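Text of the file work03.tsv, holding TSV, C-alpha atoms:
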```tsv
chain	number	residue	atom	x	y	z
U	175	MET	CA	0.00	0.00	0.00
U	176	SER	CA	2.78	2.41	0.91
U	177	ALA	CA	4.53	1.61	-2.39
U	178	LEU	CA	1.32	2.38	-4.29
U	179	LEU	CA	0.90	5.71	-2.48
U	180	ALA	CA	4.53	6.59	-3.14
U	181	ARG	CA	4.06	5.84	-6.83
U	182	LEU	CA	0.87	7.89	-6.89
U	183	ARG	CA	2.56	10.79	-5.14
U	184	GLY	CA	5.61	10.75	-7.37
U	185	ARG	CA	8.33	13.34	-6.94
U	186	SER	CA	7.95	16.71	-5.30
U	187	LEU	CA	7.86	19.92	-7.30
U	188	ALA	CA	11.19	20.85	-5.68
U	189	ALA	CA	12.76	17.63	-6.96
U	190	TRP	CA	11.60	18.34	-10.50
U	191	MET	CA	12.90	21.90	-10.27
U	192	ALA	CA	16.26	20.68	-8.95
U	193	ASP	CA	16.81	18.65	-12.12
U	194	GLY	CA	17.97	21.82	-13.85
U	195	ARG	CA	15.71	21.31	-16.86
U	196	ASP	CA	12.18	22.44	-17.58
U	197	ASN	CA	9.80	23.18	-20.43
U	198	MET	CA	9.04	26.77	-19.43
U	199	VAL	CA	9.86	28.36	-22.78
U	200	VAL	CA	7.83	25.76	-24.68
U	201	VAL	CA	4.85	25.83	-22.31
U	202	ARG	CA	4.72	29.63	-22.31
U	203	LEU	CA	4.69	29.56	-26.11
U	204	VAL	CA	1.88	26.98	-26.03
U	205	ALA	CA	-0.05	29.35	-23.75
U	206	ALA	CA	0.52	32.26	-26.15
U	207	LEU	CA	-0.62	30.14	-29.10
U	208	ALA	CA	-3.74	29.14	-27.15
U	209	VAL	CA	-4.50	32.86	-26.78
U	210	LEU	CA	-3.93	33.30	-30.52
U	211	PHE	CA	-6.20	30.34	-31.30
U	212	GLY	CA	-9.01	31.55	-29.05
U	213	HIS	CA	-8.84	35.09	-30.41
U	214	SER	CA	-9.20	33.68	-33.93
U	215	TYR	CA	-12.72	32.63	-32.95
U	216	ALA	CA	-13.50	35.70	-30.86
U	217	LEU	CA	-12.51	38.09	-33.69
U	218	ALA	CA	-14.07	36.18	-36.58
U	219	GLY	CA	-17.55	37.51	-35.99
U	220	LEU	CA	-20.27	37.96	-33.41
U	221	GLY	CA	-21.12	34.65	-31.79
U	222	MET	CA	-18.17	32.81	-33.30
U	223	ALA	CA	-16.44	32.59	-29.90
U	224	GLU	CA	-19.04	30.01	-28.89
U	225	ALA	CA	-17.70	27.72	-31.64
U	226	ASP	CA	-14.30	27.62	-29.92
U	227	PRO	CA	-13.52	23.86	-29.55
U	228	VAL	CA	-12.45	24.36	-25.92
U	229	ARG	CA	-15.71	26.16	-25.19
U	230	ARG	CA	-17.72	23.36	-26.80
U	231	LEU	CA	-15.73	20.65	-25.00
U	232	LEU	CA	-15.41	22.12	-21.50
U	233	GLY	CA	-18.40	24.46	-21.42
U	234	GLN	CA	-16.83	26.85	-18.90
U	235	THR	CA	-14.03	28.69	-20.67
U	236	TYR	CA	-12.32	29.49	-23.97
U	237	SER	CA	-8.95	28.70	-25.52
U	238	HIS	CA	-7.58	32.19	-24.94
U	239	PHE	CA	-8.65	32.19	-21.30
U	240	ILE	CA	-6.88	28.88	-20.75
U	241	GLY	CA	-3.77	30.44	-22.27
U	242	VAL	CA	-3.79	33.35	-19.81
U	243	MET	CA	-4.57	30.97	-16.93
U	244	MET	CA	-1.42	29.06	-17.84
U	245	PHE	CA	0.59	32.29	-18.00
U	246	PHE	CA	-0.59	33.44	-14.57
U	247	THR	CA	0.03	30.06	-12.95
U	248	LEU	CA	3.62	30.02	-14.19
U	249	SER	CA	4.09	33.69	-13.29
U	250	GLY	CA	2.96	33.05	-9.72
U	251	LEU	CA	5.52	30.27	-9.43
U	252	LEU	CA	8.42	32.01	-11.16
U	253	ILE	CA	7.95	35.50	-9.72
U	254	THR	CA	7.72	34.16	-6.17
U	255	LEU	CA	10.79	32.01	-6.81
U	256	ALA	CA	12.65	35.06	-8.17
U	257	TRP	CA	11.99	36.96	-4.96
U	258	GLN	CA	13.02	34.01	-2.78
U	259	ARG	CA	16.28	33.58	-4.65
U	260	ARG	CA	17.14	37.28	-4.59
U	261	PRO	CA	15.00	39.29	-2.14
U	262	ASN	CA	16.24	42.69	-3.29
U	263	LEU	CA	13.56	45.24	-4.17
U	264	PRO	CA	15.50	47.40	-6.69
U	265	TYR	CA	16.72	44.30	-8.54
U	266	PHE	CA	13.24	42.71	-8.46
U	267	LEU	CA	11.46	45.80	-9.81
U	268	ARG	CA	14.14	46.45	-12.42
U	269	SER	CA	13.97	42.85	-13.64
U	270	ARG	CA	10.18	42.88	-13.90
U	271	ALA	CA	10.13	46.24	-15.68
U	272	LEU	CA	12.80	45.19	-18.18
U	273	ARG	CA	10.87	42.02	-18.98
U	274	ILE	CA	7.59	43.79	-19.73
U	275	LEU	CA	8.03	47.45	-20.64
U	276	PRO	CA	10.59	47.68	-23.50
U	277	ALA	CA	8.77	45.21	-25.77
U	278	LEU	CA	5.43	46.76	-24.83
U	279	PHE	CA	6.74	50.24	-25.70
U	280	VAL	CA	7.95	49.09	-29.12
U	281	CYS	CA	4.63	47.36	-29.81
U	282	ALA	CA	2.64	50.44	-28.76
U	283	VAL	CA	4.75	52.79	-30.88
U	284	ALA	CA	4.66	50.51	-33.93
U	285	SER	CA	0.90	49.98	-33.56
U	286	ALA	CA	0.10	53.68	-33.28
U	287	LEU	CA	2.61	55.22	-35.70
U	288	LEU	CA	3.05	52.50	-38.32
U	289	LEU	CA	0.13	50.07	-38.28
U	290	GLY	CA	-2.43	52.72	-37.37
U	291	ALA	CA	-1.15	55.14	-40.00
U	292	ALA	CA	-1.30	52.39	-42.65
U	293	MET	CA	-4.74	51.09	-41.70
U	294	THR	CA	-6.65	54.28	-40.83
U	295	THR	CA	-9.41	55.53	-43.12
U	296	LEU	CA	-8.51	59.11	-42.19
U	297	PRO	CA	-6.07	61.34	-44.06
U	298	ALA	CA	-2.58	61.23	-42.58
U	299	ALA	CA	-2.82	64.84	-41.37
U	300	ALA	CA	-6.08	64.14	-39.55
U	301	TYR	CA	-4.76	60.91	-38.04
U	302	PHE	CA	-1.53	62.38	-36.69
U	303	GLY	CA	-3.31	65.60	-35.76
U	304	SER	CA	-5.50	63.64	-33.38
U	305	THR	CA	-4.37	63.13	-29.79
U	306	GLN	CA	-5.43	59.47	-29.80
U	307	PRO	CA	-2.28	57.93	-31.37
U	308	TRP	CA	-0.13	59.70	-28.79
U	309	ARG	CA	-2.46	58.73	-25.95
U	310	TYR	CA	-2.34	55.17	-27.24
U	311	VAL	CA	1.46	55.11	-26.95
U	312	ALA	CA	1.66	56.86	-23.57
U	313	GLY	CA	-1.24	55.05	-21.93
U	314	ASN	CA	-0.35	51.55	-23.11
U	315	ALA	CA	3.42	51.78	-22.78
U	316	SER	CA	3.04	52.92	-19.17
U	317	LEU	CA	0.15	50.55	-18.33
U	318	LEU	CA	-1.45	53.49	-16.51
U	319	ASP	CA	-4.27	54.24	-18.97
U	320	LEU	CA	-4.88	51.45	-21.46
U	321	GLN	CA	-6.16	52.66	-24.83
U	322	TRP	CA	-7.95	50.24	-27.13
U	323	THR	CA	-8.68	52.10	-30.35
U	324	LEU	CA	-7.03	54.33	-32.92
U	325	PRO	CA	-8.99	56.78	-35.12
U	326	GLY	CA	-10.34	55.14	-38.26
U	327	VAL	CA	-8.54	51.84	-37.61
U	328	PHE	CA	-10.35	48.48	-37.83
U	329	ALA	CA	-13.72	50.25	-37.71
U	330	SER	CA	-15.20	47.75	-40.20
U	331	ASN	CA	-13.93	44.59	-38.50
U	332	PRO	CA	-16.82	42.32	-37.52
U	333	THR	CA	-16.34	41.99	-33.76
U	334	THR	CA	-14.39	44.95	-32.42
U	335	ASP	CA	-12.18	47.84	-33.47
U	336	TYR	CA	-9.70	47.18	-30.67
U	337	VAL	CA	-6.11	47.38	-31.89
U	338	ASN	CA	-4.69	45.13	-29.17
U	339	GLY	CA	-7.20	43.51	-26.85
U	340	SER	CA	-4.53	41.31	-25.26
U	341	LEU	CA	-3.08	44.15	-23.19
U	342	TRP	CA	-5.76	43.98	-20.49
U	343	THR	CA	-3.88	41.28	-18.55
U	344	LEU	CA	-0.65	43.26	-18.18
U	345	PRO	CA	-1.81	45.73	-15.48
U	346	VAL	CA	-3.24	42.78	-13.51
U	347	GLU	CA	0.06	40.92	-13.75
U	348	SER	CA	2.07	44.01	-12.85
U	349	GLY	CA	-0.10	44.58	-9.80
U	350	LEU	CA	0.56	41.01	-8.70
U	351	TYR	CA	4.31	41.58	-9.09
U	352	LEU	CA	3.96	44.48	-6.65
U	353	ALA	CA	1.96	42.24	-4.29
U	354	VAL	CA	4.81	39.70	-4.30
U	355	ALA	CA	7.29	42.49	-3.58
U	356	ALA	CA	5.14	43.75	-0.69
U	357	LEU	CA	4.87	40.27	0.85
U	358	GLY	CA	8.58	39.76	0.30
U	359	LEU	CA	9.51	43.05	1.98
U	360	ALA	CA	7.37	42.04	4.93
U	361	GLY	CA	9.48	38.88	5.21
U	362	LEU	CA	6.51	36.62	4.52
U	363	LEU	CA	7.93	34.75	1.52
U	364	THR	CA	11.26	33.65	2.92
U	365	ARG	CA	10.18	32.18	6.26
U	366	ARG	CA	8.27	28.98	6.98
U	367	ALA	CA	6.06	27.65	4.21
U	368	TRP	CA	2.91	27.87	6.33
U	369	ILE	CA	3.52	31.57	7.01
U	370	ALA	CA	4.01	32.23	3.30
U	371	SER	CA	0.90	30.16	2.51
U	372	VAL	CA	-1.24	32.19	4.92
U	373	ALA	CA	0.17	35.43	3.50
U	374	ILE	CA	-0.62	34.40	-0.08
U	375	VAL	CA	-4.15	33.30	0.79
U	376	LEU	CA	-4.85	36.52	2.69
U	377	ALA	CA	-3.39	38.64	-0.12
U	378	ALA	CA	-5.56	36.84	-2.68
U	379	ALA	CA	-8.60	37.23	-0.41
U	380	LEU	CA	-7.92	40.98	-0.27
U	381	TRP	CA	-8.12	41.12	-4.07
U	382	LEU	CA	-11.25	38.91	-4.03
U	383	ARG	CA	-13.12	40.69	-1.25
U	384	VAL	CA	-15.48	42.63	-3.55
U	385	PRO	CA	-16.94	39.67	-5.48
U	386	LEU	CA	-16.96	37.51	-2.35
U	387	LEU	CA	-18.85	40.06	-0.26
U	388	SER	CA	-21.20	41.24	-2.99
U	389	GLY	CA	-22.06	37.80	-4.33
U	390	GLU	CA	-21.18	38.91	-7.87
U	391	GLN	CA	-19.90	36.43	-10.39
U	392	VAL	CA	-16.13	36.11	-10.30
U	393	SER	CA	-14.59	38.02	-13.21
U	394	ILE	CA	-11.80	36.69	-15.39
U	395	GLU	CA	-9.44	39.22	-13.76
U	396	THR	CA	-10.29	37.78	-10.36
U	397	ALA	CA	-9.82	34.24	-11.66
U	398	LEU	CA	-6.34	35.13	-12.91
U	399	ILE	CA	-5.42	36.42	-9.46
U	400	VAL	CA	-6.39	33.01	-8.08
U	401	PHE	CA	-4.22	31.23	-10.66
U	402	PHE	CA	-1.26	33.48	-9.82
U	403	ALA	CA	-1.81	32.84	-6.10
U	404	PHE	CA	-1.93	29.10	-6.76
U	405	GLY	CA	1.43	29.26	-8.56
U	406	ALA	CA	2.92	31.29	-5.71
U	407	TRP	CA	1.53	28.86	-3.13
U	408	CYS	CA	3.02	25.93	-5.04
U	409	CYS	CA	6.38	27.70	-5.07
U	410	VAL	CA	6.56	28.14	-1.31
U	411	ASN	CA	5.35	24.56	-0.70
U	412	ARG	CA	7.44	22.93	-3.41
U	413	ALA	CA	9.46	20.84	-0.95
U	414	TRP	CA	6.49	18.58	-0.22
U	415	LEU	CA	4.04	19.33	-3.06
U	416	PRO	CA	3.70	16.22	-5.27
U	417	LEU	CA	3.78	16.64	-9.04
U	418	SER	CA	2.87	13.44	-10.84
U	419	THR	CA	0.93	12.08	-13.79
U	420	PRO	CA	-1.44	9.94	-11.65
U	421	ILE	CA	-2.54	12.99	-9.63
U	422	LEU	CA	-3.17	14.94	-12.83
U	423	LEU	CA	-5.28	12.09	-14.19
U	424	ILE	CA	-7.24	11.92	-10.93
U	425	LEU	CA	-7.97	15.67	-11.12
U	426	ALA	CA	-9.08	15.34	-14.76
U	427	ALA	CA	-11.36	12.42	-13.89
U	428	ALA	CA	-12.82	14.29	-10.90
U	429	ALA	CA	-13.61	17.33	-13.08
U	430	TRP	CA	-15.21	15.10	-15.72
U	431	LEU	CA	-17.39	13.35	-13.12
U	432	ALA	CA	-18.39	16.71	-11.62
U	433	PHE	CA	-19.54	18.16	-14.97
U	434	GLY	CA	-22.83	19.98	-14.51
U	435	THR	CA	-22.38	20.41	-10.76
U	436	PRO	CA	-21.09	23.37	-8.70
U	437	LEU	CA	-17.83	21.45	-8.18
U	438	TYR	CA	-17.01	21.34	-11.88
U	439	GLN	CA	-15.61	24.86	-12.26
U	440	PRO	CA	-13.19	24.75	-9.28
U	441	LEU	CA	-12.05	21.24	-10.20
U	442	LEU	CA	-11.51	22.29	-13.82
U	443	ALA	CA	-9.52	25.34	-12.68
U	444	LEU	CA	-7.41	23.19	-10.35
U	445	GLY	CA	-6.79	20.71	-13.16
U	446	ILE	CA	-5.68	23.48	-15.55
U	447	ALA	CA	-3.33	25.03	-12.97
U	448	TYR	CA	-1.84	21.72	-11.84
U	449	GLY	CA	-1.63	20.52	-15.44
U	450	THR	CA	0.33	23.65	-16.37
U	451	LEU	CA	2.96	22.86	-13.73
U	452	TRP	CA	3.00	19.22	-14.79
U	453	LEU	CA	3.56	20.22	-18.41
U	454	ALA	CA	6.35	22.60	-17.37
U	455	TYR	CA	8.39	19.93	-15.54
U	456	VAL	CA	7.34	16.31	-16.00
U	457	PRO	CA	7.39	15.44	-19.74
U	458	ARG	CA	10.55	15.84	-21.75
U	459	LEU	CA	9.49	18.21	-24.48
U	460	PRO	CA	11.77	19.32	-27.32
U	461	GLN	CA	13.50	22.59	-26.50
U	462	GLY	CA	13.30	25.32	-29.12
U	463	ARG	CA	16.39	27.23	-30.18
U	464	TRP	CA	14.60	30.39	-31.19
U	465	GLY	CA	14.49	32.02	-27.76
U	466	ASP	CA	11.46	32.92	-25.66
U	467	LEU	CA	8.82	33.92	-28.20
U	468	SER	CA	5.86	33.78	-25.82
U	469	TYR	CA	5.64	37.44	-24.82
U	470	GLY	CA	6.16	38.70	-28.36
U	471	THR	CA	3.51	36.29	-29.62
U	472	TYR	CA	1.13	37.54	-26.95
U	473	LEU	CA	1.82	41.20	-27.76
U	474	TRP	CA	1.66	41.00	-31.54
U	475	GLY	CA	-0.94	38.29	-32.19
U	476	PHE	CA	-4.04	40.47	-31.77
U	477	PRO	CA	-2.89	43.34	-34.05
U	478	VAL	CA	-1.79	40.85	-36.71
U	479	GLN	CA	-5.15	39.09	-36.60
U	480	GLN	CA	-7.08	42.35	-36.79
U	481	THR	CA	-4.97	43.41	-39.78
U	482	LEU	CA	-5.57	40.15	-41.64
U	483	ILE	CA	-9.29	40.36	-40.97
U	484	ALA	CA	-9.38	43.95	-42.29
U	485	VAL	CA	-7.11	43.48	-45.31
U	486	ALA	CA	-7.86	39.93	-46.44
U	487	GLY	CA	-11.46	39.78	-45.28
U	488	LEU	CA	-10.87	36.54	-43.37
U	489	ARG	CA	-13.86	35.29	-41.41
U	490	ASP	CA	-13.13	31.61	-40.82
U	491	PRO	CA	-11.43	31.16	-37.43
U	492	LEU	CA	-9.09	28.40	-38.57
U	493	SER	CA	-8.06	30.46	-41.60
U	494	ILE	CA	-7.35	33.45	-39.34
U	495	PHE	CA	-5.26	31.30	-37.02
U	496	ALA	CA	-3.30	29.69	-39.87
U	497	ALA	CA	-2.68	33.01	-41.61
U	498	CYS	CA	-1.53	34.85	-38.49
U	499	LEU	CA	0.93	32.22	-37.26
U	500	ALA	CA	3.93	33.01	-39.45
U	501	PRO	CA	3.83	36.84	-39.24
U	502	THR	CA	3.16	36.75	-35.49
U	503	LEU	CA	6.03	34.36	-34.78
U	504	ILE	CA	8.38	36.40	-36.99
U	505	LEU	CA	7.48	39.57	-35.08
U	506	ALA	CA	7.87	37.68	-31.80
U	507	TRP	CA	11.34	36.51	-32.83
U	508	LEU	CA	12.34	40.06	-33.78
U	509	SER	CA	10.94	41.31	-30.48
U	510	TRP	CA	12.99	38.73	-28.57
U	511	ARG	CA	16.24	39.23	-30.46
U	512	LEU	CA	16.13	43.01	-30.86
U	513	VAL	CA	14.27	44.22	-27.77
U	514	GLU	CA	13.57	41.71	-24.99
U	515	GLN	CA	16.87	39.83	-24.83
U	516	PRO	CA	19.03	42.98	-25.05
U	517	ALA	CA	16.90	44.68	-22.38
U	518	LEU	CA	17.35	41.79	-19.96
U	519	ARG	CA	21.10	42.38	-19.98
U	520	TYR	CA	20.45	45.49	-17.89
U	521	LYS	CA	18.96	43.48	-15.01
U	522	TYR	CA	22.34	43.72	-13.34
U	523	PRO	CA	23.79	47.22	-12.81
U	524	PRO	CA	27.23	47.79	-14.32
U	525	ARG	CA	30.11	47.20	-11.96
U	526	SER	CA	31.99	50.25	-10.85
U	527	ALA	CA	35.39	50.64	-12.43
U	528	PRO	CA	38.18	49.68	-10.03
U	529	VAL	CA	40.09	52.57	-8.50
U	530	ALA	CA	43.70	52.60	-9.61
U	531	ALA	CA	46.25	52.26	-6.84
U	532	SER	CA	48.05	55.51	-6.14
```
Let me see whether you can do it: turn the structure in this file into structure tokens.
Amino acid sequence: MSALLARLRGRSLAAWMADGRDNMVVVRLVAALAVLFGHSYALAGLGMAEADPVRRLLGQTYSHFIGVMMFFTLSGLLITLAWQRRPNLPYFLRSRALRILPALFVCAVASALLLGAAMTTLPAAAYFGSTQPWRYVAGNASLLDLQWTLPGVFASNPTTDYVNGSLWTLPVESGLYLAVAALGLAGLLTRRAWIASVAIVLAAALWLRVPLLSGEQVSIETALIVFFAFGAWCCVNRAWLPLSTPILLILAAAAWLAFGTPLYQPLLALGIAYGTLWLAYVPRLPQGRWGDLSYGTYLWGFPVQQTLIAVAGLRDPLSIFAACLAPTLILAWLSWRLVEQPALRYKYPPRSAPVAAS
């Protein structure tokens, strides 16, 4: 019996992480492609989102939501781990800013000044004479005032005229980075696991207090906070937390049996979050040599899809997805090689020049 339980439990998350290999780059790209796939249905036309295969199979969510759930689960794990390994606030904030802001700035500028200028139905003088392109750059690049539209751009697209609807998750994620920093500064992430667990649960409850007290339906933003908190909780409890294929199969079976009951949604969410960690560490997936294309894919996928819909008149979701893959991945590769990777070199401040002996 003990041997069976040991086999069921498998190795701990810490043991998998200690192997020195993972599938993070691949899994993050899979998550970004899931967002791309789901948006192909959401942007194809009114009501087309309901034809999303994930929606039809699971009944509770969509492909693009699963993609962002995967992103937030991994972020909760990795961001908490980053603080634990180097609990230094200036370094932490600098690292997070360099990972998000430079590529976002380039995308915002290119969207407003190049894509918008090419796709607008307004004369160039009227377009650039408007304040909206400049507000688009400033608001989106800073994450302080997200702007969704540009004058005369994508106005005839069937679902929305948003230039980049994917950006809505970035302020949520950035806020959670600050929450990790606050808990870390309070010394709650580097002490005993139970203290960190309580701190994470209470922090998540603080974010969730409005829907919990009002009885409102939990929003997707709130759900993403829960996924991030789950990843953070797994990080601080990784020494004993089991990560195994049998447990994943049990969670999947439990969710399937609970279909149509109030337990289905939480069990499905738990299965997605646990399955994301399983996919990141347990199987041996081929490792790409192209760099981390996930963030660039996430940033550029929506504008590319909107452009193809406007220019080529695409309305079939699978055609939109197939057509947007190559240009999106090319832009993601350029973003990684020319913006993201060079920016990350500045995570560490330059060493001071040694003083010559007199």
- Extract, using only C-alpha atoms, all DNA, RNA and protein residues at most 8 Å from Gln479 in chain U, discarding same-chain residues fewer than 5 positions from it, and format them as a PyMOL selection string. chain U and resi 214+217+494-495+498
- Note on the structure: In terms of all atoms listed in the file, the residue from U:Val337, U:Ala496, U:Leu423, U:Leu451 at minimal distance from Cys409 in chain U is U:Leu451
- Message: What does the structure give for the distance between CA of Leu248 in chain U and CA of Ala428 in chain U, in Å to one decimal?
- Response: 23.0 Å
All file atoms of range 456-473 of chain U boxed axis-aligned, 6 Å per side, centre plus edges, as AutoDock Vina command-line options:
```
--center_x 8.8 --center_y 28.3 --center_z -23.6 --size_x 27.3 --size_y 37.8 --size_z 27.2
```
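Among the candidates U:Leu232, U:Ile483, U:Ala367, U:Leu207, the one nearest to Ala329 in chain U when counting only C-alpha atoms is U:Ile483.
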- Taking only C-alpha atoms into account, which of U:Leu505, U:Ala218, U:Ile394, U:Leu441 comes nearest Phe246 in chain U? U:Ile394
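The closest residue to Tyr522 in chain U, picked from U:Thr333, U:Asn338, U:Gln461, U:Ser269 and counting all atoms listed in the file, is U:Ser269.
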- Distance of CA of Tyr236 in chain U from CA of Ser509 in chain U, expressed in Å to one decimal place: 26.9 Å
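Excluding range 306-317 of chain U itself and same-chain residues fewer than 6 positions from it, the residues having an atom within 6 Å of it are Leu278, Phe279, Ala282, Val283, Ala286 and Pro345 of chain U, counting only C-alpha atoms.
Going from CA of Leu203 in chain U over to CA of Ala397 in chain U, you cover 21.0 Å.
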- Distance query Thr235 in chain U at most 12 Å, only C-alpha atoms, self and fewer than 3 positions along chain excluded, as a count of residues only: 25
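Taking all atoms listed in the file into account, Asn197 in chain U lies nearest to U:Thr450 out of the set U:Thr471, U:Thr419, U:Thr502, U:Thr450.
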Give one line per residue of range 307-350 of chain U that approaches range 368-383 of chain U to at most 12 Å, naming the two atoms of the closest pair and their distance in Å to one decimal, counting only C-alpha atoms; sort by chain then ascending residue number and deliver it as a tab-separated table.
```
residue	atom	partner	partner_atom	distance
U:Val346	CA	U:Trp381	CA	10.8
U:Gly349	CA	U:Trp381	CA	10.4
U:Leu350	CA	U:Ala378	CA	9.5
```
- Skip Leu363 in chain U itself and residues of its chain fewer than 2 positions away, then list as number ranges by chain all residues within 8 Å of it, counting only C-alpha atoms. U: 254, 257-258, 357-358, 361, 365-367, 369-370, 410
